[in-house]
Structure formats: structure tokens, C-alpha cells
file final-v4.txt (compact mmCIF, C-alpha atoms)
# COMPACT_ATOMS: atom_id res chain seq x y z
CA MET Y 1 20.76 -25.32 73.21
CA ILE Y 2 19.36 -28.50 71.71
CA PRO Y 3 21.02 -30.24 68.75
CA ALA Y 4 18.57 -32.32 66.74
CA HIS Y 5 19.05 -34.74 63.85
CA ASP Y 6 15.78 -36.33 62.70
CA GLU Y 7 14.17 -36.18 66.15
CA GLU Y 8 10.48 -35.68 65.33
CA GLN Y 9 9.45 -38.57 67.61
CA LEU Y 10 10.99 -37.12 70.77
CA LEU Y 11 11.57 -33.41 70.12
CA GLY Y 12 8.11 -32.25 71.19
CA ALA Y 13 8.41 -33.68 74.70
CA CYS Y 14 11.92 -32.27 75.01
CA LEU Y 15 10.81 -28.77 74.03
CA ALA Y 16 7.80 -28.85 76.33
CA SER Y 17 10.08 -29.59 79.27
CA VAL Y 18 12.71 -27.03 78.30
CA MET Y 19 10.12 -24.29 77.76
CA ALA Y 20 8.67 -25.05 81.20
CA ALA Y 21 12.15 -24.80 82.73
CA ALA Y 22 12.69 -21.50 80.91
CA ARG Y 23 9.54 -20.06 82.52
CA HIS Y 24 10.45 -21.08 86.07
CA PRO Y 25 9.53 -18.28 88.52
CA GLY Y 26 12.95 -18.60 90.14
CA LEU Y 27 14.44 -16.92 87.06
CA ALA Y 28 12.71 -13.72 88.18
CA GLY Y 29 11.56 -12.67 84.74
CA GLU Y 30 14.93 -13.07 82.99
CA ALA Y 31 14.54 -13.60 79.24
CA VAL Y 32 15.47 -17.05 77.91
CA THR Y 33 16.15 -18.04 74.30
CA VAL Y 34 15.76 -21.72 73.43
CA VAL Y 35 17.81 -22.61 70.33
CA VAL Y 36 17.13 -25.86 68.48
CA VAL Y 37 19.95 -26.63 66.06
CA LEU Y 38 18.35 -28.63 63.25
CA ASP Y 39 21.33 -30.55 61.92
CA ALA Y 40 20.63 -32.05 58.47
CA CYS Y 41 17.07 -32.96 59.48
CA ARG Y 42 15.02 -34.77 56.85
CA ASP Y 43 11.95 -35.43 58.98
CA GLY Y 44 9.39 -33.18 60.66
CA SER Y 45 11.71 -31.73 63.33
CA ALA Y 46 11.78 -28.26 61.75
CA ALA Y 47 7.98 -28.20 61.47
CA ILE Y 48 7.67 -29.01 65.19
CA VAL Y 49 9.94 -26.09 66.10
CA ALA Y 50 8.08 -23.73 63.76
CA ARG Y 51 4.68 -24.74 65.16
CA LEU Y 52 5.73 -24.33 68.78
CA ALA Y 53 7.43 -21.00 68.04
CA ASN Y 54 4.24 -19.71 66.39
CA GLU Y 55 2.15 -20.92 69.33
CA GLN Y 56 4.50 -19.13 71.71
CA LEU Y 57 4.24 -15.89 69.73
CA THR Y 58 0.45 -16.14 69.50
CA ASN Y 59 0.11 -16.71 73.25
CA GLU Y 60 2.26 -13.67 73.99
CA GLN Y 61 0.22 -11.52 71.59
CA LEU Y 62 -3.04 -12.63 73.20
CA THR Y 63 -1.67 -11.86 76.65
CA ASN Y 64 -0.54 -8.39 75.56
CA GLU Y 65 -3.92 -7.67 73.95
CA ARG Y 66 -5.77 -8.75 77.10
CA LEU Y 67 -3.60 -6.53 79.28
CA ALA Y 68 -4.09 -3.61 76.89
CA ASN Y 69 -7.88 -4.03 77.08
CA GLU Y 70 -7.70 -4.18 80.87
CA ARG Y 71 -5.62 -1.01 80.89
CA LEU Y 72 -8.37 0.75 78.97
CA GLY Y 73 -10.84 -0.34 81.65
CA ASN Y 74 -10.51 0.43 85.32
CA GLY Y 75 -6.88 -0.65 85.43
CA ARG Y 76 -7.55 -3.55 87.77
CA LEU Y 77 -7.70 -7.31 87.23
CA GLY Y 78 -10.25 -9.75 88.53
CA ASN Y 79 -8.07 -10.63 91.49
CA GLY Y 80 -7.76 -7.00 92.53
CA ARG Y 81 -4.22 -6.45 91.21
CA SER Y 82 -3.54 -3.51 88.93
CA VAL Y 83 -2.40 -4.05 85.35
CA THR Y 84 0.98 -2.64 86.34
CA GLU Y 85 1.28 -5.25 89.08
CA ARG Y 86 0.31 -7.98 86.63
CA LEU Y 87 2.96 -6.84 84.15
CA THR Y 88 5.57 -6.79 86.90
CA ALA Y 89 4.67 -10.34 87.94
CA LYS Y 90 4.58 -11.81 84.43
CA LYS Y 91 6.34 -15.06 83.63
CA THR Y 92 9.82 -15.28 82.18
CA PRO Y 93 9.77 -14.14 78.52
CA THR Y 94 10.84 -17.08 76.39
CA THR Y 95 11.78 -17.22 72.72
CA LEU Y 96 12.07 -20.41 70.66
CA VAL Y 97 14.44 -20.31 67.69
CA GLY Y 98 15.22 -22.94 65.05
CA LEU Y 99 18.68 -22.85 63.45
CA SER Y 100 19.21 -25.06 60.38
CA VAL Y 101 22.72 -26.40 59.67
CA GLY Y 102 24.14 -29.29 57.69
CA PHE Y 103 27.04 -30.49 59.82
CA THR Y 104 25.87 -33.97 60.91
CA ASN Y 105 28.30 -33.33 63.75
CA VAL Y 106 27.03 -32.84 67.28
CA GLY Y 107 30.03 -30.80 68.46
CA MET Y 108 29.62 -28.32 65.62
CA ALA Y 109 25.85 -28.22 66.10
CA ARG Y 110 26.15 -27.46 69.82
CA HIS Y 111 28.69 -24.74 69.11
CA ALA Y 112 26.48 -23.15 66.45
CA GLY Y 113 23.63 -22.98 68.93
CA ALA Y 114 25.91 -21.47 71.56
CA LEU Y 115 27.11 -18.77 69.15
CA GLN Y 116 23.49 -17.90 68.34
CA ALA Y 117 22.70 -17.50 72.03
CA LEU Y 118 25.88 -15.49 72.69
CA ASP Y 119 25.01 -13.13 69.84
CA GLU Y 120 21.70 -12.49 71.59
CA GLY Y 121 23.45 -11.60 74.85
CA ALA Y 122 23.14 -14.85 76.82
CA ARG Y 123 24.98 -14.93 80.17
CA TRP Y 124 24.52 -18.68 80.69
CA LEU Y 125 24.47 -21.55 78.18
CA ALA Y 126 22.45 -24.65 79.07
CA PHE Y 127 22.73 -27.73 76.87
CA THR Y 128 20.56 -30.80 76.52
CA ASP Y 129 19.60 -33.28 73.78
CA ALA Y 130 16.47 -33.69 71.69
CA ASP Y 131 15.75 -37.14 73.17
CA THR Y 132 15.86 -35.78 76.71
CA VAL Y 133 13.31 -34.34 79.15
CA VAL Y 134 14.54 -31.85 81.76
CA ARG Y 135 13.14 -30.96 85.18
CA PRO Y 136 11.17 -27.73 85.76
CA ASP Y 137 14.00 -26.46 88.00
CA TRP Y 138 16.77 -27.57 85.63
CA LEU Y 139 17.77 -24.14 84.38
CA VAL Y 140 17.25 -22.19 87.58
CA ARG Y 141 19.39 -24.65 89.56
CA GLN Y 142 22.19 -24.43 87.00
CA CYS Y 143 22.15 -20.64 87.16
CA ALA Y 144 22.09 -20.67 90.98
CA SER Y 145 25.11 -22.96 91.29
CA ARG Y 146 27.69 -20.12 91.45
CA ALA Y 147 30.00 -22.32 89.38
CA ASP Y 148 31.33 -21.67 85.88
CA VAL Y 149 30.29 -25.14 84.72
CA VAL Y 150 27.50 -27.45 85.85
CA CYS Y 151 27.63 -31.17 85.05
CA GLY Y 152 24.31 -32.84 85.84
CA GLY Y 153 23.29 -36.48 85.88
CA VAL Y 154 21.09 -38.57 83.59
CA ARG Y 155 18.52 -41.27 84.08
CA LEU Y 156 17.47 -43.64 81.31
CA ALA Y 157 13.82 -43.49 80.32
CA GLY Y 158 11.91 -46.70 80.98
CA TRP Y 159 14.68 -47.96 83.25
CA HIS Y 160 12.66 -50.76 84.86
CA ALA Y 161 11.52 -52.01 81.46
CA LEU Y 162 15.10 -52.51 80.25
CA PRO Y 163 16.49 -56.07 80.34
CA GLN Y 164 18.04 -56.86 83.72
CA ARG Y 165 21.40 -57.80 82.18
CA LEU Y 166 21.54 -54.49 80.31
CA ARG Y 167 20.78 -52.55 83.49
CA ARG Y 168 23.47 -54.46 85.37
CA GLN Y 169 26.08 -53.79 82.70
CA TYR Y 170 25.10 -50.13 82.45
CA LEU Y 171 25.54 -49.67 86.21
CA ALA Y 172 28.89 -51.45 86.04
CA LEU Y 173 29.94 -49.04 83.30
CA ARG Y 174 28.93 -46.07 85.46
CA ARG Y 175 31.02 -47.39 88.34
CA GLU Y 176 34.12 -47.39 86.14
CA CYS Y 177 34.33 -43.68 86.97
CA PRO Y 178 35.30 -43.98 90.66
CA ASP Y 179 34.60 -40.38 91.63
CA GLY Y 180 31.17 -40.41 89.96
CA ARG Y 181 32.00 -37.33 87.92
CA HIS Y 182 30.25 -37.98 84.61
CA VAL Y 183 29.92 -35.48 81.78
CA HIS Y 184 26.78 -35.50 79.64
CA GLY Y 185 26.01 -33.15 76.79
CA ALA Y 186 22.36 -33.81 77.65
CA ASN Y 187 22.80 -32.05 81.00
CA LEU Y 188 25.47 -29.39 80.90
CA GLY Y 189 25.62 -25.69 81.73
CA VAL Y 190 28.44 -23.21 81.09
CA ASP Y 191 28.91 -19.56 81.94
CA ALA Y 192 29.04 -17.50 78.75
CA ASP Y 193 32.39 -15.85 79.53
CA ALA Y 194 33.96 -19.20 80.39
CA TYR Y 195 32.67 -20.69 77.15
CA ARG Y 196 34.17 -17.85 75.13
CA ALA Y 197 37.49 -18.12 76.98
CA VAL Y 198 38.12 -21.71 75.82
CA GLY Y 199 36.64 -21.38 72.34
CA GLY Y 200 33.56 -23.51 72.94
CA PHE Y 201 32.84 -27.05 71.84
CA PRO Y 202 35.45 -28.69 69.62
CA PRO Y 203 34.16 -29.88 66.21
CA LEU Y 204 33.96 -33.54 67.25
CA ALA Y 205 31.35 -36.14 66.28
CA SER Y 206 31.38 -37.47 69.86
CA HIS Y 207 32.93 -36.71 73.27
CA GLU Y 208 32.72 -32.98 72.50
CA ASP Y 209 31.15 -32.49 75.92
CA ILE Y 210 34.00 -34.25 77.74
CA GLN Y 211 36.61 -32.28 75.84
CA LEU Y 212 34.90 -28.97 76.60
CA VAL Y 213 34.73 -29.66 80.33
CA ALA Y 214 38.35 -30.82 80.35
CA SER Y 215 39.40 -27.59 78.66
CA LEU Y 216 37.41 -25.51 81.15
CA GLN Y 217 39.01 -27.35 84.07
CA HIS Y 218 42.46 -26.87 82.54
CA HIS Y 219 41.84 -23.13 82.45
CA GLY Y 220 40.84 -23.07 86.11
CA PHE Y 221 37.10 -22.63 85.82
CA ARG Y 222 34.96 -23.95 88.67
CA VAL Y 223 32.91 -27.09 88.00
CA ALA Y 224 29.85 -28.11 90.02
CA TRP Y 225 29.13 -31.86 89.82
CA LEU Y 226 25.37 -32.08 90.40
CA ASP Y 227 24.52 -35.69 89.71
CA ALA Y 228 21.26 -35.29 91.66
CA LEU Y 229 20.12 -32.70 89.10
CA ARG Y 230 19.11 -35.41 86.64
CA VAL Y 231 17.40 -35.33 83.28
CA ILE Y 232 15.62 -38.26 81.67
CA THR Y 233 17.20 -39.36 78.40
CA SER Y 234 16.11 -42.09 76.03
CA GLY Y 235 17.59 -45.54 76.38
CA ARG Y 236 17.61 -46.08 72.63
CA CYS Y 237 20.42 -48.05 71.06
CA ASN Y 238 20.18 -46.55 67.55
CA ALA Y 239 22.84 -43.96 68.23
CA ARG Y 240 23.02 -40.46 66.72
CA ALA Y 241 26.61 -39.85 67.85
CA PRO Y 242 29.04 -42.63 66.83
CA GLU Y 243 30.51 -43.02 70.34
CA GLY Y 244 27.75 -41.46 72.41
CA LEU Y 245 25.44 -42.96 75.02
CA GLY Y 246 23.26 -44.73 72.45
CA ALA Y 247 26.29 -46.39 70.86
CA ARG Y 248 27.51 -47.53 74.25
CA LEU Y 249 24.08 -48.91 75.13
CA ASN Y 250 24.08 -50.81 71.85
CA VAL Y 251 27.39 -52.45 72.75
CA LEU Y 252 26.08 -53.30 76.21
CA GLN Y 253 22.88 -54.73 74.75
CA GLU Y 254 24.82 -56.98 72.38
CA SER Y 255 27.01 -58.12 75.26
CA ALA Y 256 23.94 -58.81 77.40
CA LEU Y 257 22.42 -60.91 74.61
CA GLN Y 258 25.66 -62.88 74.25
CA GLU Y 259 25.76 -63.42 78.00
CA SER Y 260 22.20 -64.73 78.06
CA ALA Y 261 23.04 -67.25 75.32
CA LEU Y 262 26.14 -68.65 77.07
CA PRO Y 263 26.12 -72.06 78.75
CA GLU Y 264 26.09 -71.88 82.54
CA GLY Y 265 29.56 -71.10 83.94
CA ALA Y 266 30.97 -69.76 80.66
CA GLU Y 267 32.65 -66.35 80.66
CA PRO Y 268 31.25 -63.62 78.38
CA ARG Y 269 33.47 -61.45 76.21
CA PRO Y 270 34.13 -57.97 77.60
CA ALA Y 271 31.91 -55.22 76.19
CA GLY Y 272 33.50 -52.39 74.21
call {"tool": "encode", "arguments": {"input": "final-v4.txt", "output": "C-alpha cells"}}
result
Amino acid sequence: MIPAHDEEQLLGACLASVMAAARHPGLAGEAVTVVVVLDACRDGSAAIVARLANEQLTNEQLTNERLANERLGNGRLGNGRSVTERLTAKKTPTTLVGLSVGFTNVGMARHAGALQALDEGARWLAFTDADTVVRPDWLVRQCASRADVVCGGVRLAGWHALPQRLRRQYLALRRECPDGRHVHGANLGVDADAYRAVGGFPPLASHEDIQLVASLQHHGFRVAWLDALRVITSGRCNARAPEGLGARLNVLQESALQESALPEGAEPRPAG
């Protein structure tokens, strides 16, 4: 599930990575539905989803036609495998769906995407953001965790290009959580039955991910904290969620600028 609000600049890269993760051979041919929740989008985000969905459908049709032609021949492929063997070894079937809503609320958008996936019979719900790129093994490692909830880590895109003061303050912020257990909507997985049991994401404009995980923990569901399973998310400061990562980075950036302008020995104001 991917909530998107005017994300035409970054959505294509996100979807390319998610579609690759959905086709990972470790999923053993299990069908995957990728739901992009287009929340009050006024840009070209919907067109990107439609184009990629059409390309996906066309590729599948071409593959089916080629296999049908081979079946009419001698029943064997160029590498010596039979058509039946090729069909058995095919990649994970993946469907891309765009869902248009007008919430301008990330908690409600995530939940709408989850309900769509649940209606289609999903057993596992994986969440990321439209400004994020996931690893090829992102989904298969979530599903293999044997936990009810997976909380993965994040890495900021272009980390080494960020101002040194901003990087220092960001790392200090991360260390405020002593056990290192961070919750990110950009890297979260939940078992479908567990999600249903707690009612899903609350309709919050921010911190909906933290509240969901807290509710799951309260109800006794098992959480796997996989910080090493990291996604790459944008380090932009023009936030979509009012108190999300981008908003926090904006505060840290302003604080870093103030710190750089202070006379030597002066104390900066705390960020936040």
C-alpha cells in the first residue's frame, strides 16, 4: 500500500522498486496486489499509475500469447524446458491498482488501501510511501519474519550530501529512542488478521503508524524490529504529513541554520 499526494516526481521510482519486490522469486509465485492510494492528487500521479498498470497488463498478455504459440509448436522452449515447466516457473503475478480518494489524510489513505487489499484476499499488508524506494527482498523478508508486525528501518536519500549539522541533529534525534525501536509508515508490514483485529490505521494526519503498532502491541501481537531491513526515503523538508519525517527534518534544518549563524560559544535553541 502506497499513499500518494501529488507525488509525480518520485512515484515512478517508488513503484519500480515495489513491483520488483513483488516479483521476488522467494515469494514462490504468490500473487501480489500493489495499491496506490491517490489522495487528492492534482498532478500527474494518477497518469503514472495508469501507464504502469497498462504496461504490466500488456507484458502479461504478450507472455501468455508467446506461451500459447509455443504450446501449438513442439511444446518445448529454446532452453529445452516444456511449456508446462515454464508456466510452473513463472514469476510472481503482480497487479497494480490505483485508488482515488479525497481525504488529504495519510492515516485514512493507508487504511483505504488496506481495505482494498483485504477485499482481494491479502494475507499480508506491506506499507511504504511514494517518496521511498524499497529493496528487492523487502516484501519477502517481511513475509518470512514469522511475526505479526514488521517495523523496518529507513535511510535518507542523498545522506552524504545533506549539511553536516543536519545529519548530526538527525542522528541525535534517532538516539532519543534508546532501544532503537522506530516505527515508520514507509517501512511497515502487518498480518492481515492482526490488522483486522485492531481496526487498522486510525484516521490521523500523522503518527498513524505509531498508533497502529502501539495498538497491535497492546493486543499481544508479535512485533519484529528489523532496522537492518531499510528502505531509502527522501530527505525533503516540504512535508506531506504535518508532523511526519519531512516536518521534523524541516525543524532540524532550521535549527541547523540557526546554529551555523551563532557566534562561537553561544548555545542554540532546542529544536522542536
call {"tool": "residues_around", "arguments": {"input": "final-v4.txt", "residues": "range 137-152 of chain Y", "least_positions_apart": "6", "cutoff": "8 Å", "atoms": "only C-alpha atoms", "output": "number ranges by chain"}}
result
Y: 21-22, 24, 26-27, 124, 126, 182-184, 187-191, 194, 213, 216, 221-231
call {"tool": "axis_aligned_box", "arguments": {"input": "final-v4.txt", "around": "range 214-229 of chain Y", "padding_each_side": "5 Å", "output": "JSON"}}
result
{"center_x": 31.3, "center_y": -29.2, "center_z": 85.2, "size_x": 32.3, "size_y": 23.1, "size_z": 23.0}
call {"tool": "atom_distance", "arguments": {"input": "final-v4.txt", "atom1": "CA of Ala109 in chain Y", "atom2": "CA of Arg155 in chain Y"}}
result
23.4 Å
call {"tool": "closest_residue", "arguments": {"input": "final-v4.txt", "among": "Y:Ala130, Y:Ile232, Y:Val198, Y:Ile210", "to": "Leu10 in chain Y", "atoms": "all atoms listed in the file"}}
result
Y:Ala130
call {"tool": "closest_residue", "arguments": {"input": "final-v4.txt", "among": "Y:Arg66, Y:His111, Y:Arg23, Y:Arg165", "to": "Val36 in chain Y", "atoms": "all atoms listed in the file"}}
result
Y:His111
